[in-house]
Structure formats: C-alpha cells, structure tokens
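Here the structure comes first, spelled out in structure tokens, and everything after it is commentary.
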Amino acid sequence: MPGLNNLLNVHPLFVHFPIALTLAAALFIILHLATRRADFISMGSSLIYLAAVSAIVTIITGYNAAAAIGHDAPNHDLVHAHRDIMLWYTVLIVALVVLQWLVRSSLWGWLSHWGVKATRLLLLAAAVVMLIIGTDRGGQLVFQYGMGVRMTEEKPSVDLDAGSDQIDDGQKKPENEHDHSTHEH
C-alpha cells in the first residue's frame with residue numbers, strides 16, 4: 001500500500017475518528033431532544049465513549065508526530081496551538097464520559113434530570129466547538145503549510161491498463177483524446 005508506506009507517522013490514521021464520533025454523538029443527542037426517543041440518547045452516549053477513547057489515542061499519536069517533526073520545524077507555534085486546543089477537547093469529552101458514568105452509577109442521583117441534560121449539552125457543545133477549532137488548525141498545518149507531509153518532486157509511477165489517460169512519458173492526454181474502447185463509463 002503505497003499511501004500507508006509513505007506516511008511520516010500514524011497520526012493521520014486516527015484523526016478522523018474523534019471528529020466523526022463526536023459529531024455523530026452530538027447529532028444523536030440533538031435528535032433525542034427533538035424526539036425524546038431513548039435509543040437516540042443511548043446511541044449518543046455510546047458514541048461519546050468511543051469518541052473519548054479515540055481522542056486519547058489520537059492525542060498520543062499527535063505527540064509522537066510532533067516529536068518526529070521537531071521544534072525547529074516552520075510553524076511549530078501552530079503545532080502547539082493545535083495540540084493545546086485538542087487537549088482541551090479531549091478533557092471535555094472525557095469529562096462528558098465521567099458525567100455519564102456518574103449518572104449511570106447513581107453516584108449523582110441528587111442531580112436533577114434537567115441538570116444532567118444541561119450539563120451534558122454544555123460539555124458536548126464546548127467539546128464540539130474545541131474540536132472544530134482544533135481540526136481547523138490541524139488542517140491548516142497540513143494543507144496550508146505541508147506539515148507532516150513528505151514533499152516530493154518525483155512523478156508517481158502509474159501502471160494502468162491501455163485505456164488509461166496517461167501517455168508513456170507520464171503526461172495526461174487531452175480530454176478530447178480519451179479512449180473509450182477499453183472500458184465502460
């Protein structure tokens with residue numbers, strides 16, 4: 001697998017899990033508030049647990065990626081900003097897990113039902129905001145500054161069938177010269 005073989009670190013393999021899981025959890029909790037369906041809150045709560053685990057793994061791989069890049073890398077201050085924001089996101093999502101555990105274990109039975117819902121919503125909203133800001137900084141590091149991406153001048157070798165859009169020297173054929181005889185659309 002050429003893409004995985006050329007990864008500078010494994011952080012990119014994990015970053016999308018906390019993003020998707022947290023946003024999906026927020027969606028299910030909002031759906032629960034709108035419909036009062038218990039299965040939505042159950043799914044949202046389960047996704048929060050998974051988001052917290054994936055966030056911790058992603059933080060660990062992020063520290064390893066930052067260490068591999070080093071302190072002398074350009075835009076290293078942005079790496080620290082990204083790290084700090086994502087640490088706050090992780091603290092918030094883990095706090096949400098702790099709240100859910102306390103409520104389920106009846107250790108916080110004194111807390112009103114509305115108090116639990118309000119606290120959950122506030123923690124989740126804050127986590128989503130931190131997640132969006134942190135992923136923006138991570139995207140900026142990669143897509144604007146090329147951080148953690150191996151830049152190469154060499155052209156990738158392409159081994160495609162005869163109906164490819166490639167000419168022998170690696171140049172792309174003009175659109176009007178596309179050959180449809182060897183494949184279907």
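Please note that chains go A, B, ... in the order of the structure tokens, that every chain numbers its residues from 1, and that ligands are numbered from 1 in the order shown.
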With a cut-off of 9 Å, could you pull out the residues of stretch 37-76 of chain A touching stretch 130-153 of chain A and give me the nearest pair of atoms for each, distance in Å to one decimal, using only C-alpha atoms, ordered by chain and ascending number, as CSV?
```
residue,atom,partner,partner_atom,distance
A:Ala65,CA,A:Gly148,CA,7.6
A:Ala66,CA,A:Gly148,CA,8.6
A:Ala68,CA,A:Gly148,CA,8.9
A:Ile69,CA,A:Gly148,CA,7.0
A:Ala73,CA,A:Met147,CA,8.4
A:Pro74,CA,A:Met147,CA,8.3
A:Asn75,CA,A:Tyr145,CA,7.6
```
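Comparing the minimum interatomic distances between A:Ile93 and each of A:Pro18, A:Gly62, A:Pro12, A:Gly70, counting only C-alpha atoms, we find that A:Pro18 sits nearest.
The two atoms in question, atom CA of A:Ser54 and atom CA of A:Phe14, are spaced 7.3 Å apart.
What separates atom CA of A:Leu13 from atom CA of A:Met1 is a distance of 13.7 Å.
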Legend entry - A:Ser105, A:Ser46, A:Asn9, A:Thr61 ranked by distance to A:Ala26, top pick (using only C-alpha atoms): A:Ser46
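A straight line drawn from atom CA of A:Val15 to atom CA of A:Ile29 is 22.3 Å long.
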Legend entry - Closest of A:Leu87, A:Leu47, A:Ala24, A:Ala81 to A:Ile59 - atom-to-atom distances counting only C-alpha atoms: A:Leu87
Inset, instruction - Excluding A:Ile30 and any residue of its chain fewer than 5 positions from it, enumerate the residues within 10 Å of it, using only C-alpha atoms, and give them as a ChimeraX atom specification. - result: /A:24-25,35-36,40-41,44,121
N, CA and C atoms of the current selection, written as a tab-separated table (two decimals), in the first residue's frame:
```tsv
chain	number	residue	atom	x	y	z
A	24	ALA	N	-21.25	12.78	15.37
A	24	ALA	CA	-22.38	11.84	15.34
A	24	ALA	C	-23.06	11.77	16.71
A	25	ALA	N	-22.28	11.79	17.78
A	25	ALA	CA	-22.86	11.79	19.13
A	25	ALA	C	-23.73	13.03	19.34
A	35	THR	N	-36.97	14.38	19.69
A	35	THR	CA	-37.95	13.29	19.58
A	35	THR	C	-38.25	12.57	20.89
A	36	ARG	N	-37.37	12.73	21.87
A	36	ARG	CA	-37.47	12.04	23.17
A	36	ARG	C	-37.31	10.52	23.05
A	40	PHE	N	-31.99	7.12	20.80
A	40	PHE	CA	-31.08	8.17	20.33
A	40	PHE	C	-30.09	8.58	21.42
A	41	ILE	N	-30.58	8.74	22.66
A	41	ILE	CA	-29.67	9.13	23.74
A	41	ILE	C	-28.71	7.99	24.05
A	44	GLY	N	-26.11	8.15	21.29
A	44	GLY	CA	-25.25	9.32	21.52
A	44	GLY	C	-24.26	9.08	22.65
A	121	LEU	N	-25.26	18.83	27.62
A	121	LEU	CA	-25.30	19.69	26.44
A	121	LEU	C	-24.19	20.73	26.44
```
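The residue that comes closest to A:Val10, out of A:Val57, A:Ala38, A:Ala125, A:Leu33 and on the basis of only C-alpha atoms, is A:Val57.
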Legend entry - Long-range neighbours of A:Arg120 as a count of residues only, 9 Å cut-off, only C-alpha atoms, 6 positions minimum in chain: 3
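The residue that comes closest to A:Ser45, out of A:Thr22, A:Thr119, A:Asn5, A:Asn64 and on the basis of only C-alpha atoms, is A:Thr22.
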